[in-house]
Every structure is written in C-alpha cells, then in structure tokens.
>>> print(open('my_file-v1.txt').read())   # compact mmCIF, C-alpha atoms
# COMPACT_ATOMS: atom_id res chain seq x y z
CA MET A 6 23.39 28.25 69.35
CA ASP A 7 23.58 25.32 71.77
CA LYS A 8 23.06 22.16 69.68
CA ARG A 9 21.49 20.48 72.73
CA LEU A 10 18.60 22.94 72.47
CA LEU A 11 18.29 22.31 68.74
CA GLY A 12 18.26 18.55 69.41
CA ASP A 13 15.50 18.73 72.04
CA PRO A 14 12.21 17.64 70.40
CA GLY A 15 10.33 19.52 73.15
CA THR A 16 11.49 22.95 71.99
CA PRO A 17 10.27 25.12 69.12
CA ALA A 18 13.90 25.37 67.93
CA PHE A 19 14.09 21.60 67.34
CA GLN A 20 15.99 20.51 64.23
CA VAL A 21 16.10 16.86 63.28
CA ALA A 22 19.68 17.35 62.01
CA SER A 23 20.72 18.09 65.61
CA TYR A 24 18.82 15.16 67.14
CA PRO A 25 21.45 12.54 68.07
CA PHE A 26 19.07 9.57 67.95
CA TYR A 27 17.98 10.42 64.43
CA LEU A 28 21.63 10.68 63.40
CA VAL A 29 22.65 7.42 65.10
CA ASN A 30 19.72 5.55 63.56
CA ARG A 31 20.45 7.07 60.16
CA LEU A 32 24.09 6.03 60.40
CA ALA A 33 23.28 2.49 61.57
CA SER A 34 20.66 2.04 58.86
CA ARG A 35 23.02 3.17 56.12
CA TYR A 36 25.87 1.03 57.49
CA ASN A 37 23.63 -2.04 57.67
CA ALA A 38 22.40 -1.45 54.12
CA VAL A 39 25.99 -1.27 52.86
CA ILE A 40 27.29 -4.35 54.67
CA GLU A 41 24.11 -6.36 54.10
CA ALA A 42 25.02 -6.96 50.45
CA ALA A 43 28.55 -8.09 51.35
CA LEU A 44 27.22 -10.38 54.06
CA ARG A 45 24.58 -11.83 51.74
CA ASP A 46 27.38 -12.81 49.34
CA ILE A 47 28.85 -15.04 52.08
CA GLY A 48 25.48 -16.42 53.19
CA LEU A 49 24.89 -14.23 56.25
CA ASP A 50 22.28 -11.72 57.33
CA ILE A 51 22.67 -8.85 59.80
CA PRO A 52 21.25 -10.68 62.86
CA CYS A 53 23.60 -13.66 62.39
CA TRP A 54 26.52 -11.30 61.76
CA ARG A 55 25.78 -9.53 65.06
CA VAL A 56 25.79 -12.84 66.94
CA LEU A 57 29.04 -13.95 65.31
CA MET A 58 30.73 -10.62 66.13
CA ILE A 59 29.61 -10.86 69.78
CA LEU A 60 30.76 -14.48 70.08
CA GLY A 61 34.03 -13.50 68.44
CA GLU A 62 34.88 -11.53 71.58
CA GLU A 63 33.69 -14.09 74.13
CA ASN A 64 32.79 -17.67 73.35
CA PRO A 65 30.71 -19.34 74.73
CA ARG A 66 28.04 -16.94 75.93
CA GLY A 67 24.51 -17.40 77.17
CA VAL A 68 21.61 -16.60 74.86
CA ARG A 69 20.37 -13.89 77.23
CA ASP A 70 23.83 -12.33 77.44
CA ILE A 71 24.04 -12.19 73.64
CA ALA A 72 20.53 -10.72 73.45
CA ASP A 73 21.42 -8.06 76.01
CA SER A 74 24.65 -7.22 74.21
CA ALA A 75 22.91 -6.98 70.83
CA VAL A 76 19.89 -5.16 72.33
CA ILE A 77 17.56 -7.74 70.81
CA PRO A 78 14.61 -9.31 72.68
CA LEU A 79 15.43 -12.74 74.12
CA SER A 80 12.71 -14.50 72.12
CA THR A 81 14.08 -13.05 68.88
CA MET A 82 17.65 -13.94 69.82
CA THR A 83 16.54 -17.50 70.63
CA ARG A 84 15.15 -17.86 67.11
CA ILE A 85 18.34 -16.39 65.59
CA VAL A 86 20.67 -18.79 67.41
CA GLN A 87 18.40 -21.74 66.65
CA ARG A 88 18.61 -20.83 62.95
CA MET A 89 22.39 -20.52 63.29
CA ALA A 90 22.58 -23.91 65.01
CA ALA A 91 20.62 -25.48 62.13
CA ALA A 92 23.23 -23.96 59.77
CA ASN A 93 26.03 -25.43 61.95
CA LEU A 94 27.46 -21.99 62.76
CA VAL A 95 26.89 -22.43 66.51
CA ARG A 96 26.17 -25.21 68.95
CA LEU A 97 23.68 -24.82 71.78
CA ALA A 98 24.27 -26.52 75.12
CA PRO A 99 23.13 -26.16 78.73
CA SER A 100 25.59 -24.25 80.87
CA LYS A 101 27.73 -26.39 83.17
CA ARG A 102 27.28 -23.77 85.90
CA ASP A 103 23.52 -23.31 85.52
CA ALA A 104 21.50 -25.80 83.46
CA ARG A 105 18.75 -23.16 83.03
CA VAL A 106 21.14 -21.14 80.86
CA THR A 107 21.61 -22.10 77.23
CA GLU A 108 25.13 -21.39 76.06
CA VAL A 109 25.97 -20.60 72.45
CA LEU A 110 29.33 -21.85 71.18
CA LEU A 111 30.94 -21.16 67.82
CA THR A 112 31.52 -24.25 65.70
CA LYS A 113 34.46 -24.57 63.29
CA ASP A 114 32.08 -23.47 60.51
CA GLY A 115 31.01 -20.52 62.67
CA GLU A 116 34.62 -19.51 63.27
CA ALA A 117 35.30 -19.65 59.54
CA LYS A 118 32.15 -17.62 58.78
CA LEU A 119 33.16 -15.07 61.42
CA ALA A 120 36.56 -14.68 59.75
CA GLN A 121 34.83 -14.18 56.38
CA ALA A 122 32.38 -11.67 57.86
CA ARG A 123 35.18 -9.66 59.42
CA GLN A 124 37.03 -9.64 56.12
CA VAL A 125 34.07 -8.47 54.01
CA THR A 126 32.92 -5.77 56.47
CA SER A 127 36.38 -4.36 57.24
CA PRO A 128 36.61 -2.18 54.09
CA THR A 129 33.33 -0.45 54.99
CA TYR A 130 34.57 0.14 58.53
CA HIS A 131 37.76 1.73 57.21
CA LYS A 132 35.76 3.89 54.79
CA VAL A 133 33.54 5.14 57.60
CA ILE A 134 36.37 6.09 59.98
CA ARG A 135 38.87 7.33 57.37
CA ASN A 136 38.58 11.01 58.37
CA LEU A 137 38.68 10.45 62.14
CA SER A 138 41.86 10.80 64.15
CA ALA A 139 42.57 8.21 66.82
CA ARG A 140 41.60 10.81 69.42
CA ASP A 141 38.33 11.69 67.65
CA PHE A 142 37.48 8.01 67.30
CA ALA A 143 38.13 7.34 71.00
CA GLN A 144 35.98 10.34 71.93
CA LEU A 145 33.19 9.15 69.62
CA ILE A 146 33.19 5.72 71.28
CA ASP A 147 33.20 7.30 74.75
CA LEU A 148 30.32 9.64 73.88
CA LEU A 149 28.20 6.87 72.36
CA ASN A 150 28.73 4.75 75.46
CA LEU A 151 27.83 7.71 77.67
CA LEU A 152 24.55 8.24 75.82
CA TYR A 153 23.77 4.52 76.07
CA ASP A 154 24.53 4.48 79.79
CA ASN A 155 22.38 7.59 80.36
CA LEU A 156 19.39 5.75 78.90
CA GLY A 157 19.81 3.03 81.54
CA GLU A 158 19.63 5.45 84.46
CA ASN A 159 16.35 5.88 86.31
>>> encode(input="my_file-v1.txt", output="structure tokens")
Amino acid sequence: MDKRLLGDPGTPAFQVASYPFYLVNRLASRYNAVIEAALRDIGLDIPCWRVLMILGEENPRGVRDIADSAVIPLSTMTRIVQRMAAANLVRLAPSKRDARVTEVLLTKDGEAKLAQARQVTSPTYHKVIRNLSARDFAQLIDLLNLLYDNLGEN
C-alpha cells in the first residue's frame, strides 16, 4: 500500500506510524532528550546549544536570522541570546550595515563552549547515523529539506 495514503490523517487508512511529522517530532524529541543530559553536564541547554551551532556556521548573525534558522519566534530568541550574553557566550551589538539589526557574535567563551558542545553531542550523532550509507544520509537530508520547503509554499 502507498505509505502516503497511510500517512494522510484525512483518510480512514491513516496510521500514525506512517505520518512523517509524527516520526520527525518523535525523533527530534528523543534526540533532544539524549543530548540534553550531556549538554547539562557542560552548562548548556537545548536553546543555547541551537544558537551556538547556528553561529558556528556563520558568525556574526542577526537575531532575526538566528530565529528564522532555528524556527523559534523572534521574542523567544531575543530572550535566549540575552541570557547567553549575560553568561558571556555571545556579545550583542548593532549591525554596522543597519543599526536596527542586533548582531550576535560568539565570544571566546562561546567558541570554547561550542567546541565542548560539538564534542559531547558527536557520539550521539554517530550512533544515530551508524546504519546509514553516505547515499542514504544524503537522500535523507534532501527529503527533509524538500518537506520543509513544501511547507513554505502557498
């Protein structure tokens, strides 16, 4: 049977085990529960970890850009980065290009905490992907991005 039909909550054949959003949320929740303990041991929580990982790719970034990337409301992200600034993990400054934009920059402490966070979460990442070939992993990433992009279409 076509799994798309089984994953459609509008059909009598619906099965939650074939519903991709249930599976993605289940996976993300389990992953976060596993890494949360490791992050707590180094003084981080999941929201701060997400910000550090995003800044690890591009630093500095605007608060709104980080919020969009993390899919977190701007007001919530503002509180997260303010908390991180108080902990000296990031520095907040007006953008040189547009003073209305608040940029978030990693501090030396933030860079060190990012390195620690990567180190303590890496074993879980490797455990999760251990049975995926490089091709399967690339396809998984492509499919997840396709689903995300489809939600943005009107």
>>> residues_around(input="my_file-v1.txt", residues="Val133 in chain A", least_positions_apart="6", cutoff="12 Å", atoms="only C-alpha atoms", output="list in words")
Leu32, Ala33, Arg35, Tyr36, Val39, Ile40, Thr126, Ser127 and Phe142 of chain A
>>> residues_near_point(input="my_file-v1.txt", point="(26.4, -20.2, 51.2)", cutoff="12 Å", atoms="only C-alpha atoms", output="list in words")
Leu44, Arg45, Asp46, Ile47, Gly48, Leu49, Asp50, Ala92, Asn93, Leu94, Asp114, Lys118 and Gln121 of chain A
>>> closest_residue(input="my_file-v1.txt", among="A:Ile85, A:Val68, A:Leu151, A:Met6", to="Pro99 in chain A", atoms="only C-alpha atoms")
A:Val68
>>> closest_residue(input="my_file-v1.txt", among="A:Leu152, A:Val21, A:Leu119, A:Leu145", to="Gly61 in chain A", atoms="only C-alpha atoms")
A:Leu119
>>> closest_residue(input="my_file-v1.txt", among="A:Leu97, A:Ala139, A:Leu57, A:Ala43", to="Ala75 in chain A", atoms="only C-alpha atoms")
A:Leu57
>>> atom_distance(input="my_file-v1.txt", atom1="CA of Glu63 in chain A", atom2="CA of Glu108 in chain A")
11.4 Å
>>> closest_residue(input="my_file-v1.txt", among="A:Gly67, A:Asn37, A:Ala22, A:Leu11", to="Arg105 in chain A", atoms="only C-alpha atoms")
A:Gly67
>>> decode(input="my_file-v1.txt", residues="range 29-45 of chain A", atoms="N, CA, C and O atoms", output="PDB file, in the first residue's frame")
ATOM      1  N   VAL A  29       9.127  12.581  12.645  1.00  0.00           N
ATOM      2  CA  VAL A  29      10.166  13.612  12.789  1.00  0.00           C
ATOM      3  C   VAL A  29      10.144  14.182  14.204  1.00  0.00           C
ATOM      4  O   VAL A  29      11.194  14.342  14.838  1.00  0.00           O
ATOM      5  N   ASN A  30       8.962  14.469  14.716  1.00  0.00           N
ATOM      6  CA  ASN A  30       8.851  15.016  16.070  1.00  0.00           C
ATOM      7  C   ASN A  30       9.316  13.993  17.103  1.00  0.00           C
ATOM      8  O   ASN A  30      10.011  14.340  18.064  1.00  0.00           O
ATOM      9  N   ARG A  31       8.976  12.745  16.886  1.00  0.00           N
ATOM     10  CA  ARG A  31       9.396  11.679  17.793  1.00  0.00           C
ATOM     11  C   ARG A  31      10.920  11.559  17.818  1.00  0.00           C
ATOM     12  O   ARG A  31      11.537  11.447  18.875  1.00  0.00           O
ATOM     13  N   LEU A  32      11.519  11.600  16.640  1.00  0.00           N
ATOM     14  CA  LEU A  32      12.971  11.525  16.528  1.00  0.00           C
ATOM     15  C   LEU A  32      13.633  12.722  17.212  1.00  0.00           C
ATOM     16  O   LEU A  32      14.559  12.563  18.008  1.00  0.00           O
ATOM     17  N   ALA A  33      13.153  13.927  16.905  1.00  0.00           N
ATOM     18  CA  ALA A  33      13.746  15.138  17.482  1.00  0.00           C
ATOM     19  C   ALA A  33      13.596  15.154  19.000  1.00  0.00           C
ATOM     20  O   ALA A  33      14.532  15.530  19.720  1.00  0.00           O
ATOM     21  N   SER A  34      12.456  14.719  19.491  1.00  0.00           N
ATOM     22  CA  SER A  34      12.239  14.700  20.940  1.00  0.00           C
ATOM     23  C   SER A  34      13.176  13.709  21.618  1.00  0.00           C
ATOM     24  O   SER A  34      13.752  14.012  22.669  1.00  0.00           O
ATOM     25  N   ARG A  35      13.343  12.549  21.027  1.00  0.00           N
ATOM     26  CA  ARG A  35      14.244  11.555  21.624  1.00  0.00           C
ATOM     27  C   ARG A  35      15.687  12.042  21.572  1.00  0.00           C
ATOM     28  O   ARG A  35      16.441  11.928  22.536  1.00  0.00           O
ATOM     29  N   TYR A  36      16.080  12.610  20.426  1.00  0.00           N
ATOM     30  CA  TYR A  36      17.446  13.126  20.274  1.00  0.00           C
ATOM     31  C   TYR A  36      17.725  14.213  21.311  1.00  0.00           C
ATOM     32  O   TYR A  36      18.747  14.192  21.992  1.00  0.00           O
ATOM     33  N   ASN A  37      16.792  15.155  21.435  1.00  0.00           N
ATOM     34  CA  ASN A  37      16.968  16.230  22.418  1.00  0.00           C
ATOM     35  C   ASN A  37      17.053  15.694  23.836  1.00  0.00           C
ATOM     36  O   ASN A  37      17.855  16.179  24.641  1.00  0.00           O
ATOM     37  N   ALA A  38      16.255  14.682  24.155  1.00  0.00           N
ATOM     38  CA  ALA A  38      16.309  14.097  25.496  1.00  0.00           C
ATOM     39  C   ALA A  38      17.676  13.462  25.759  1.00  0.00           C
ATOM     40  O   ALA A  38      18.211  13.577  26.860  1.00  0.00           O
ATOM     41  N   VAL A  39      18.238  12.822  24.743  1.00  0.00           N
ATOM     42  CA  VAL A  39      19.532  12.168  24.902  1.00  0.00           C
ATOM     43  C   VAL A  39      20.651  13.193  25.068  1.00  0.00           C
ATOM     44  O   VAL A  39      21.479  13.089  25.974  1.00  0.00           O
ATOM     45  N   ILE A  40      20.672  14.200  24.190  1.00  0.00           N
ATOM     46  CA  ILE A  40      21.781  15.162  24.264  1.00  0.00           C
ATOM     47  C   ILE A  40      21.611  16.164  25.395  1.00  0.00           C
ATOM     48  O   ILE A  40      22.587  16.757  25.837  1.00  0.00           O
ATOM     49  N   GLU A  41      20.378  16.333  25.875  1.00  0.00           N
ATOM     50  CA  GLU A  41      20.135  17.309  26.940  1.00  0.00           C
ATOM     51  C   GLU A  41      20.985  17.014  28.180  1.00  0.00           C
ATOM     52  O   GLU A  41      21.546  17.923  28.783  1.00  0.00           O
ATOM     53  N   ALA A  42      21.106  15.756  28.527  1.00  0.00           N
ATOM     54  CA  ALA A  42      21.899  15.395  29.710  1.00  0.00           C
ATOM     55  C   ALA A  42      23.371  15.730  29.492  1.00  0.00           C
ATOM     56  O   ALA A  42      24.030  16.268  30.387  1.00  0.00           O
ATOM     57  N   ALA A  43      23.888  15.418  28.305  1.00  0.00           N
ATOM     58  CA  ALA A  43      25.290  15.719  28.005  1.00  0.00           C
ATOM     59  C   ALA A  43      25.533  17.224  27.994  1.00  0.00           C
ATOM     60  O   ALA A  43      26.556  17.702  28.493  1.00  0.00           O
ATOM     61  N   LEU A  44      24.588  17.972  27.452  1.00  0.00           N
ATOM     62  CA  LEU A  44      24.725  19.427  27.414  1.00  0.00           C
ATOM     63  C   LEU A  44      24.641  20.018  28.820  1.00  0.00           C
ATOM     64  O   LEU A  44      25.378  20.949  29.153  1.00  0.00           O
ATOM     65  N   ARG A  45      23.760  19.485  29.636  1.00  0.00           N
ATOM     66  CA  ARG A  45      23.610  19.971  31.006  1.00  0.00           C
ATOM     67  C   ARG A  45      24.929  19.826  31.766  1.00  0.00           C
ATOM     68  O   ARG A  45      25.300  20.704  32.550  1.00  0.00           O
TER      69      ARG A  45
END
